[in-house]
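What's in query-v2.txt: compact mmCIF, C-alpha atoms and all ligand atoms
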```
# COMPACT_ATOMS: atom_id res chain seq x y z
CA MET A 1 95.58 88.36 65.79
CA TYR A 2 94.23 86.68 62.67
CA LEU A 3 92.42 89.82 61.50
CA ASP A 4 95.49 91.97 62.06
CA ALA A 5 97.69 89.56 60.12
CA LEU A 6 95.16 89.37 57.30
CA ALA A 7 94.87 93.17 57.03
CA GLU A 8 98.67 93.47 56.94
CA TYR A 9 98.88 90.81 54.23
CA GLN A 10 96.23 92.48 52.05
CA LYS A 11 97.84 95.88 52.46
CA GLN A 12 101.23 94.55 51.43
CA ARG A 13 99.68 92.77 48.44
CA GLU A 14 98.00 95.97 47.26
CA GLU A 15 101.18 97.96 47.70
CA GLY A 16 103.20 95.29 45.96
CA THR A 17 105.62 95.01 48.90
CA LEU A 18 104.67 91.43 49.61
CA LYS A 19 107.64 89.11 49.96
CA ALA A 20 107.77 86.09 47.72
CA GLU A 21 107.69 83.58 50.55
CA ALA A 22 104.77 85.29 52.36
CA LYS A 23 101.64 83.17 52.70
CA GLU A 24 98.11 84.25 53.28
CA PRO A 25 97.31 83.93 57.00
CA GLN A 26 95.10 80.95 57.71
CA TRP A 27 92.29 80.93 60.23
CA ARG A 28 92.78 78.31 62.89
CA GLU A 29 90.12 77.10 65.27
CA TRP A 30 90.71 78.08 68.86
CA ASN A 31 92.16 75.53 71.12
CA ILE A 32 89.59 75.77 73.87
CA PRO A 33 90.63 74.04 77.06
CA THR A 34 88.21 71.54 78.54
CA LEU A 35 87.45 71.78 82.23
CA ARG A 36 88.44 68.79 84.23
CA GLN A 37 86.73 69.99 87.40
CA PRO A 38 83.98 72.45 86.55
CA CYS A 39 83.28 75.00 89.23
CA ILE A 40 80.69 77.74 89.18
CA GLN A 41 81.12 80.42 91.74
CA ALA A 42 78.29 82.85 91.46
CA ASN A 43 76.60 85.72 93.18
CA VAL A 44 72.93 86.53 93.31
CA ASN A 45 72.91 87.95 89.76
CA VAL A 46 73.55 84.56 88.25
CA VAL A 47 72.52 81.98 90.79
CA GLN A 48 69.82 82.53 93.37
CA LEU A 49 68.91 80.25 96.21
CA GLU A 50 65.28 80.47 97.21
CA ALA A 51 63.54 78.73 100.06
CA ALA A 52 60.86 76.47 98.66
CA THR A 53 57.45 77.14 100.20
CA ASP A 54 55.10 74.73 98.48
CA SER A 55 57.25 71.77 97.78
CA THR A 56 58.91 68.73 99.23
CA VAL A 57 62.35 70.15 98.51
CA ASP A 58 64.07 72.66 100.80
CA TYR A 59 65.43 75.16 98.28
CA TRP A 60 65.31 75.96 94.62
CA LEU A 61 68.50 76.99 92.95
CA LYS A 62 67.70 79.37 90.13
CA VAL A 63 70.50 79.52 87.58
CA SER A 64 70.29 82.21 84.94
CA THR A 65 71.11 81.18 81.39
CA LEU A 66 72.15 83.20 78.35
CA THR A 67 68.58 83.01 77.04
CA PHE A 68 66.42 85.89 78.20
CA ARG A 69 64.11 84.95 81.08
CA LYS A 70 65.05 81.31 80.85
CA GLN A 71 66.18 79.93 84.18
CA LEU A 72 67.30 76.53 85.25
CA LEU A 73 65.55 75.38 88.40
CA ILE A 74 67.51 72.91 90.45
CA PRO A 75 65.83 71.32 93.47
CA VAL A 76 67.97 71.25 96.63
CA VAL A 77 67.16 68.71 99.31
CA LEU A 78 68.99 68.97 102.61
CA ALA A 79 70.13 65.98 104.58
CA ASN A 80 69.53 65.94 108.31
CA TYR A 81 73.04 66.96 109.23
CA HIS A 82 72.81 69.85 106.78
CA LYS A 83 69.69 71.03 108.57
CA ILE A 84 71.41 70.84 111.95
CA GLN A 85 74.39 72.73 110.57
CA LEU A 86 72.18 75.43 109.10
CA THR A 87 70.17 75.92 112.29
CA ASP A 88 71.29 78.41 114.87
CA PRO A 89 71.45 76.48 118.17
CA HIS A 90 70.64 79.62 120.19
CA THR A 91 67.47 80.68 118.41
CA GLY A 92 66.46 77.37 116.77
CA LYS A 93 65.89 79.22 113.51
CA ARG A 94 67.42 78.62 110.12
CA ARG A 95 70.54 80.73 109.67
CA LYS A 96 70.68 83.41 107.04
CA ILE A 97 72.50 81.93 104.08
CA ASN A 98 74.88 84.17 102.14
CA SER A 99 73.81 85.01 98.62
CA SER A 100 77.03 83.82 96.96
CA VAL A 101 77.11 80.12 96.26
CA ALA A 102 79.54 77.72 94.63
CA LEU A 103 78.76 74.70 92.49
CA ASN A 104 81.50 72.15 91.99
CA LYS A 105 81.49 69.04 89.87
CA ARG A 106 83.54 66.36 91.50
CA ALA A 107 83.62 62.74 90.37
CA GLY A 108 80.53 63.17 88.24
CA ALA A 109 78.35 64.74 90.93
CA TRP A 110 77.51 68.37 91.55
CA TRP A 111 78.17 69.81 94.99
CA LEU A 112 76.58 72.95 96.26
CA THR A 113 78.51 75.00 98.80
CA LEU A 114 76.54 77.36 101.00
CA THR A 115 78.01 79.72 103.54
CA TYR A 116 76.63 81.65 106.46
CA ASP A 117 78.08 84.28 108.75
CA GLU A 118 78.35 83.50 112.38
CA GLU A 119 79.05 86.11 114.95
CA ILE A 120 81.03 84.83 117.87
CA LEU A 121 81.51 87.08 120.83
CA PRO A 122 84.94 86.98 122.41
CA GLU A 123 84.66 85.09 125.67
CA THR A 124 88.18 85.46 127.00
CA ARG A 125 88.61 87.76 129.99
CA ASN A 126 91.44 90.26 129.83
CA ASP A 127 93.09 88.79 132.89
CA ALA A 128 92.93 85.22 131.58
CA PRO A 129 96.22 83.36 132.00
CA VAL A 130 98.48 83.62 128.96
CA ILE A 131 99.70 80.47 127.26
CA GLY A 132 102.61 80.93 124.86
CA ILE A 133 102.82 78.68 121.81
CA ASP A 134 106.02 77.68 120.05
CA VAL A 135 105.64 76.13 116.60
CA GLY A 136 108.07 73.52 115.36
CA ILE A 137 108.66 70.25 113.56
CA ALA A 138 109.78 67.94 116.36
CA ASN A 139 106.69 69.16 118.21
CA PHE A 140 104.02 70.95 116.23
CA ILE A 141 103.06 72.89 119.33
CA THR A 142 104.86 73.42 122.61
CA THR A 143 103.04 75.46 125.24
CA SER A 144 104.65 77.62 127.89
CA ASP A 145 103.31 75.28 130.59
CA GLY A 146 105.57 72.58 129.14
CA LYS A 147 103.07 70.50 127.17
CA GLN A 148 103.78 69.19 123.70
CA TYR A 149 101.36 68.39 120.93
CA GLY A 150 101.84 66.53 117.65
CA SER A 151 105.00 65.89 115.68
CA PHE A 152 106.24 65.75 112.16
CA ASN A 153 108.72 63.07 113.10
CA GLY A 154 107.96 59.36 113.12
CA ARG A 155 105.68 57.96 110.45
CA MET A 156 105.08 61.23 108.68
CA LYS A 157 108.80 61.83 108.36
CA GLU A 158 109.23 58.39 106.85
CA ARG A 159 106.40 58.93 104.39
CA ASN A 160 107.87 62.29 103.47
CA ARG A 161 111.22 60.63 102.77
CA GLN A 162 109.64 57.96 100.58
CA ASP A 163 107.68 60.55 98.67
CA ARG A 164 110.78 62.63 98.05
CA GLU A 165 112.63 59.64 96.68
CA LYS A 166 109.75 58.80 94.41
CA ARG A 167 109.66 62.35 93.08
CA ARG A 168 113.39 62.36 92.54
CA ARG A 169 113.15 59.16 90.50
CA LYS A 170 110.33 60.63 88.45
CA ALA A 171 112.29 63.82 87.80
CA LYS A 172 115.24 61.74 86.60
CA LEU A 173 113.02 59.77 84.25
CA ARG A 174 111.51 62.99 82.98
CA ALA A 175 114.88 64.53 82.27
CA CYS A 176 115.97 61.37 80.48
CA LEU A 177 112.87 61.22 78.28
CA LYS A 178 113.16 64.91 77.53
CA LYS A 179 116.68 64.38 76.25
CA LYS A 180 115.38 61.73 73.90
CA GLY A 181 112.96 64.25 72.46
CA VAL A 182 109.69 63.06 73.97
CA PRO A 183 107.14 65.89 73.60
CA LYS A 184 106.42 67.86 76.74
CA GLU A 185 102.82 66.80 77.19
CA LYS A 186 103.80 63.14 77.13
CA LEU A 187 106.35 63.43 79.92
CA PRO A 188 105.33 61.96 83.29
CA SER A 189 104.14 64.53 85.79
CA THR A 190 106.34 65.33 88.75
CA THR A 191 103.52 65.96 91.18
CA SER A 192 102.73 62.79 93.00
CA ARG A 193 99.42 61.69 94.31
CA THR A 194 101.00 60.27 97.45
CA GLY A 195 102.63 63.65 98.02
CA GLN A 196 99.28 65.41 97.84
CA ARG A 197 97.81 62.84 100.17
CA LEU A 198 100.68 63.33 102.59
CA ILE A 199 100.13 67.09 102.66
CA ARG A 200 96.44 66.53 103.38
CA HIS A 201 97.30 64.04 106.09
CA ILE A 202 99.70 66.45 107.78
CA LYS A 203 97.11 69.22 107.66
CA GLN A 204 94.53 67.01 109.31
CA SER A 205 96.95 66.01 111.99
CA ILE A 206 97.79 69.68 112.62
CA ASN A 207 94.06 70.43 112.92
CA ARG A 208 93.62 67.70 115.54
CA THR A 209 96.70 68.90 117.39
CA VAL A 210 95.50 72.50 117.58
CA ASN A 211 92.04 71.37 118.65
CA LEU A 212 93.45 69.34 121.49
CA CYS A 213 95.65 72.21 122.64
CA PHE A 214 92.65 74.53 122.83
CA GLU A 215 90.57 71.93 124.65
CA GLU A 216 93.24 71.39 127.27
CA HIS A 217 93.63 75.11 127.94
CA GLU A 218 90.08 76.23 128.53
CA GLY A 219 89.77 79.70 130.00
CA CYS A 220 93.23 80.73 128.82
CA GLN A 221 94.31 83.16 126.16
CA PHE A 222 97.08 82.44 123.69
CA ALA A 223 100.15 84.17 122.37
CA TYR A 224 101.74 82.73 119.26
CA GLU A 225 104.57 83.48 116.92
CA GLN A 226 104.17 85.85 114.06
CA LEU A 227 105.80 83.43 111.65
CA SER A 228 107.08 84.53 108.29
CA VAL A 229 107.96 82.15 105.49
CA PRO A 230 111.73 82.78 105.77
CA SER A 231 111.70 82.10 109.49
CA MET A 232 109.65 78.98 108.90
CA ARG A 233 112.13 77.82 106.32
CA PHE A 234 114.79 78.38 108.92
CA LYS A 235 112.86 76.28 111.39
CA ALA A 236 112.27 73.64 108.75
CA ARG A 237 115.78 73.63 107.42
CA ALA A 238 116.48 69.96 108.22
CA MET A 239 115.23 68.58 104.94
CA ASN A 240 112.86 69.35 102.13
CA ALA A 241 112.49 72.75 103.67
CA TYR A 242 109.80 74.07 101.45
CA LEU A 243 107.27 71.32 101.89
CA ARG A 244 107.74 71.43 105.62
CA ALA A 245 107.58 75.19 105.72
CA SER A 246 104.28 75.14 103.89
CA ASN A 247 102.98 72.68 106.43
CA LEU A 248 104.29 74.66 109.36
CA ALA A 249 102.48 77.67 107.96
CA HIS A 250 99.24 75.80 108.43
CA ILE A 251 99.68 75.81 112.22
CA PRO A 252 99.24 79.57 112.80
CA VAL A 253 96.36 79.57 110.31
CA GLN A 254 94.66 76.82 112.26
CA LEU A 255 95.39 78.55 115.57
CA GLU A 256 93.71 81.70 114.33
CA TRP A 257 90.71 79.81 113.00
CA ASN A 258 90.24 77.86 116.23
CA ALA A 259 90.52 80.99 118.31
CA THR A 260 87.91 82.79 116.21
CA LYS A 261 85.57 79.82 116.24
CA ARG A 262 85.76 79.47 120.00
CA GLY A 263 85.77 83.16 120.87
CA VAL A 264 89.18 82.80 122.48
CA THR A 265 91.75 85.58 122.33
CA ALA A 266 94.91 84.59 120.48
CA THR A 267 97.47 87.26 119.78
CA LYS A 268 100.44 87.21 117.44
CA VAL A 269 103.66 88.38 119.01
CA LYS A 270 107.11 89.07 117.59
CA SER A 271 109.19 85.94 117.65
CA ALA A 272 112.69 87.24 116.89
CA TYR A 273 115.28 85.59 119.15
CA SER A 274 112.54 83.82 121.11
CA SER A 275 114.38 80.53 120.73
CA GLN A 276 117.80 81.92 121.68
CA GLU A 277 116.77 84.23 124.51
CA CYS A 278 117.09 82.92 128.08
CA HIS A 279 113.75 83.32 129.77
CA VAL A 280 115.43 84.16 133.09
CA CYS A 281 118.34 86.51 132.31
CA HIS A 282 117.50 87.51 128.66
CA SER A 283 120.94 86.64 127.36
CA ILE A 284 120.87 85.80 123.64
CA ASP A 285 123.30 83.23 122.40
CA ARG A 286 123.03 80.50 119.82
CA LYS A 287 125.20 78.42 122.11
CA ASN A 288 122.42 78.53 124.70
CA ARG A 289 121.10 75.58 122.74
CA PRO A 290 123.69 72.82 122.84
CA ASN A 291 121.31 70.62 120.83
CA GLN A 292 117.89 70.83 119.23
CA GLN A 293 115.93 69.99 122.39
CA THR A 294 117.94 71.47 125.20
CA PHE A 295 118.16 75.02 126.39
CA CYS A 296 121.00 75.69 128.79
CA CYS A 297 121.85 79.32 129.48
CA ARG A 298 125.58 80.01 129.42
CA VAL A 299 125.22 82.93 131.81
CA CYS A 300 122.71 81.98 134.50
CA GLY A 301 122.53 78.23 133.94
CA HIS A 302 118.75 78.16 133.39
CA THR A 303 118.02 74.74 131.86
CA THR A 304 114.79 73.52 130.27
CA HIS A 305 113.39 72.07 127.05
CA ALA A 306 114.31 74.47 124.24
CA ASP A 307 110.76 74.72 122.90
CA THR A 308 109.34 75.34 126.38
CA ASN A 309 111.81 78.19 126.88
CA ALA A 310 110.75 79.68 123.54
CA ALA A 311 107.05 79.29 124.40
CA GLN A 312 107.63 81.03 127.75
CA ASN A 313 109.34 83.92 125.99
CA ILE A 314 106.42 84.19 123.60
CA ALA A 315 103.94 84.18 126.49
CA SER A 316 105.71 87.02 128.26
CA ARG A 317 105.98 89.05 125.07
CA LEU A 318 102.19 89.40 124.94
CA GLY A 319 102.03 92.24 127.44
CA ASP A 320 105.48 93.56 126.56
CA ARG A 321 104.91 97.09 125.25
CA GLU A 322 108.60 97.88 124.79
CA LEU A 323 109.16 94.83 122.66
CA ARG A 324 106.01 95.46 120.68
CA ALA A 325 107.29 98.93 119.79
CA CYS A 326 110.44 97.48 118.23
CA GLN A 327 110.53 97.89 114.45
CA ASP A 328 112.91 95.10 113.50
CA ARG A 329 115.19 92.32 114.72
CA HIS A 330 118.02 94.73 115.49
CA GLN A 331 115.87 96.77 117.86
CA ILE A 332 114.63 93.62 119.55
CA LYS A 333 118.20 92.42 119.97
CA ALA A 334 119.25 95.76 121.43
CA LEU A 335 116.34 95.69 123.87
CA LEU A 336 117.12 92.16 125.00
CA LEU A 337 120.81 93.01 125.46
CA LEU A 338 119.79 95.98 127.59
CA ARG A 339 117.56 93.76 129.71
CA HIS A 340 120.38 91.29 130.12
CA GLU A 341 122.65 94.09 131.31
CA GLN A 342 119.99 95.18 133.80
CA TRP A 343 119.70 91.62 135.03
CA LYS A 344 123.46 91.46 135.48
CA GLN A 345 123.43 94.74 137.44
CA GLU A 346 120.78 93.38 139.71
CA PHE A 347 122.08 89.88 140.36
CA ARG A 348 125.75 89.75 139.50
CA PHE A 349 127.68 92.96 139.82
CA LEU A 350 126.21 94.45 142.92
CA VAL A 351 129.67 95.13 144.30
CA VAL A 352 131.38 98.05 142.67
CA GLU A 353 135.09 97.68 143.04
CA PRO A 354 136.30 100.50 145.32
CA PRO A 355 139.91 100.95 144.08
CA VAL A 356 138.74 101.74 140.57
CA GLN A 357 136.33 104.29 141.89
CA LEU A 358 138.93 105.94 144.07
CA ASP A 359 141.33 106.22 141.16
CA LEU A 360 138.67 107.86 139.10
CA TRP A 361 137.98 110.42 141.77
CA ALA A 362 141.63 111.17 142.16
CA CYS A 363 142.11 111.84 138.46
CA SER A 364 139.04 113.90 137.90
CA GLU A 365 138.87 117.66 138.22
CA MET A 366 135.62 117.29 140.11
CA SER A 367 137.48 116.05 143.15
CA THR A 368 139.36 119.29 143.63
CA ASP A 369 136.19 121.29 143.27
CA VAL A 370 134.43 119.23 145.87
CA GLY A 371 137.38 119.33 148.18
ZN ZN C 401 120.07 82.95 131.55
```

Output the file's structure in the form of structure tokens.
Ligand SMILES: [Zn+2]
Amino acid sequence: MYLDALAEYQKQREEGTLKAEAKEPQWREWNIPTLRQPCIQANVNVVQLEAATDSTVDYWLKVSTLTFRKQLLIPVVLANYHKIQLTDPHTGKRRKINSSVALNKRAGAWWLTLTYDEEILPETRNDAPVIGIDVGIANFITTSDGKQYGSFNGRMKERNRQDREKRRRKAKLRACLKKKGVPKEKLPSTTSRTGQRLIRHIKQSINRTVNLCFEEHEGCQFAYEQLSVPSMRFKARAMNAYLRASNLAHIPVQLEWNATKRGVTATKVKSAYSSQECHVCHSIDRKNRPNQQTFCCRVCGHTTHADTNAAQNIASRLGDRELRACQDRHQIKALLLLRHEQWKQEFRFLVVEPPVQLDLWACSEMSTDVG
């Protein structure tokens, strides 16, 4: 930038086209940002972890520097729980540590992050009973066998409300100060520490919830909703939709992680209309849910907890090839309507009214042919 401007200036001066008010470009020192939380993420070319053979430390971390053949050697001593974590319980040997490492400086101390690959064989049998999972706010998880785990309501809801108020006040203050001409960098920040803490707290509580659900359903396989952000926002519409949606999104992530870790099969299924569809007769109607918790079918009268009904639908969608083949919501709706019609044929309208049929025969040309 500076060099370009300078060249332009000199050229104009030589040509005599320089404007009177033009000034010679000045070199300004770069405004280099300082790192608040340094983090080095490096592969084997830059940082190498080597097992120490002749020393009291466990590893040496060799960090390359810009000087040729000059390396920094950092001793790495493992605590006991690190050693347990890095030992394969099946073979009793040290696991193979991945070559990429990360170094983070947090609160004045450096932290080394090591990773290893673990191969977990799927343990679920194909004929394992299917448990459907419905994700929500009132209950984080509702299973198709009618159990409920965790909730956003209660204390977390209250903390969320307080945090929102606090942020709103801060935003007001910010706007006010801005009007008065306070420079941008001096304005109070709108992100709140309590808000961050709350998000962390919710995540932890989701993790516990998912863990418990897996523990209580040993030997089962899971089907869960393929949630998209818009549908989550719909689920979380009550208040502060975005924050809640981002938290809800953590549930499927945690489900997937738990399933992988435990070698349990968990399959995503399409969730369109799963909360409106009657599990018995497949009728879809928003009015099937007179309130948030209750499902009461307006056709067949099937009544249960709304989330349980949704979880049951999700469970039965696992092996549902026809539904899987559907491309979008419209196709799913059409399929469910067709199934509802079939249900009606089977259970409701077994009796075909004879007079109508007779009339039809009388009017049609076929009847004369047959006769
Ligand atoms: Zn029904």

**Q.** All residues 8 Å or closer to A:Arg317, all atoms listed in the file, same chain fewer than 6 positions away omitted, as a PyMOL selection string
**A.** chain A and resi 269-270+323-324

Go ahead and save the picked residues with C-alpha atoms, as a tab-separated table (two decimals), in the coordinates of the input.
```
chain	number	residue	atom	x	y	z
A	269	VAL	CA	103.66	88.38	119.01
A	270	LYS	CA	107.11	89.07	117.59
A	323	LEU	CA	109.16	94.83	122.66
A	324	ARG	CA	106.01	95.46	120.68
```

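If you measure from each of A:Ser316, A:Gln345, A:Ser283, A:Gln292 to ligand ZN 401 (chain C) using only C-alpha atoms and all ligand atoms, the closest one turns out to be A:Ser283.
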
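Those residues that approach A:Ala310 to within 8 Å, counting only C-alpha atoms, are A:Asp134, A:Ser144, A:Ser274, A:Ser275, A:Gln276, A:Glu277, A:His279, A:Ala306, A:Ile314; same-chain residues fewer than 4 positions away are not listed.
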
Find the residues of chain A that sit at most 8 Å from ligand ZN 401 (chain C); for each, write down the nearest two atoms and how far apart they are in Å, to one decimal. Count all atoms listed in the file. Sort by chain, then by number going up, and give it as CSV.
```
residue,atom,partner,partner_atom,distance
A:Glu277,CA,C:ZN401,ZN,7.9
A:Cys278,CA,C:ZN401,ZN,4.6
A:His279,CA,C:ZN401,ZN,6.6
A:Val280,CA,C:ZN401,ZN,5.0
A:Cys281,CA,C:ZN401,ZN,4.0
A:His282,CA,C:ZN401,ZN,6.0
A:Ser283,CA,C:ZN401,ZN,5.7
A:Cys296,CA,C:ZN401,ZN,7.8
A:Cys297,CA,C:ZN401,ZN,4.5
A:Arg298,CA,C:ZN401,ZN,6.6
A:Val299,CA,C:ZN401,ZN,5.2
A:Cys300,CA,C:ZN401,ZN,4.1
A:Gly301,CA,C:ZN401,ZN,5.8
A:His302,CA,C:ZN401,ZN,5.3
```

Restricted to C-alpha atoms, what would the selected residues look like written as a PDB file, in the coordinates of the input?
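As a result, selection03.pdb now contains:
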```
ATOM      1  CA  GLU A 277     116.770  84.230 124.510  1.00  0.00           C
ATOM      2  CA  CYS A 278     117.090  82.920 128.080  1.00  0.00           C
ATOM      3  CA  HIS A 279     113.750  83.320 129.770  1.00  0.00           C
ATOM      4  CA  VAL A 280     115.430  84.160 133.090  1.00  0.00           C
ATOM      5  CA  CYS A 281     118.340  86.510 132.310  1.00  0.00           C
ATOM      6  CA  HIS A 282     117.500  87.510 128.660  1.00  0.00           C
ATOM      7  CA  SER A 283     120.940  86.640 127.360  1.00  0.00           C
ATOM      8  CA  CYS A 296     121.000  75.690 128.790  1.00  0.00           C
ATOM      9  CA  CYS A 297     121.850  79.320 129.480  1.00  0.00           C
ATOM     10  CA  ARG A 298     125.580  80.010 129.420  1.00  0.00           C
ATOM     11  CA  VAL A 299     125.220  82.930 131.810  1.00  0.00           C
ATOM     12  CA  CYS A 300     122.710  81.980 134.500  1.00  0.00           C
ATOM     13  CA  GLY A 301     122.530  78.230 133.940  1.00  0.00           C
ATOM     14  CA  HIS A 302     118.750  78.160 133.390  1.00  0.00           C
TER      15      HIS A 302
END
```

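The gap separating atom CA of A:Val63 from atom CA of A:Ala42 is 9.3 Å, in Å to one decimal.
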
Q: Please work out which residues fall within 9 Å of (81.0, 84.6, 119.8), coordinates as given in the file, with all atoms listed in the file counting, and return them as JSON, numbers by chain.
A: {"A": [118, 119, 120, 121, 122, 123, 260, 261, 262, 263, 264]}

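Among the candidate residues A:Asp163, A:Glu24, A:Asp117, A:Glu225, the one lying nearest to A:Gly132 is A:Glu225, with distances computed using all atoms listed in the file.
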
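Atom CA of A:His201 sits 25.9 Å away from atom CA of A:Gly146.
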
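Candidate residues A:Val46, A:Ala315, A:Ala334, A:Val76 were compared for distance to A:Trp60, and the nearest is A:Val76, using only C-alpha atoms.
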
Q) Near A:Trp110, counting all atoms listed in the file, which residues have an atom at most 12 Å away, once you skip same-chain residues fewer than 3 positions from it, shown as a PyMOL selection string? A) chain A and resi 37-40+74+76+102-107+113

Q) Neighbours of A:Ile202 within 12 Å (only C-alpha atoms; same-chain residues fewer than 2 positions away dropped), as a PyMOL selection string? A) chain A and resi 137+140+150-153+155-157+159-160+195-200+204-209+243-251

Q. What is the atom CA of A:Arg193 to atom CA of A:Lys170 distance in Å?
A. 12.4 Å

Q: Find the residues near A:Gln148: any atom within 9 Å, counting only C-alpha atoms, skip ones fewer than 3 places away on the same chain, and give them as a count of residues only.
A: 9

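Closest approach to A:Gln162 among A:Gln26, A:Ser189, A:Thr194, A:Asn313: A:Thr194, based on all atoms listed in the file.
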
Centre and edges of the stretch 125-141 of chain A box, axis-aligned, 5 Å extra per side, as AutoDock Vina command-line options:
```
--center_x 99.2 --center_y 79.1 --center_z 123.2 --size_x 31.2 --size_y 32.3 --size_z 29.3
```
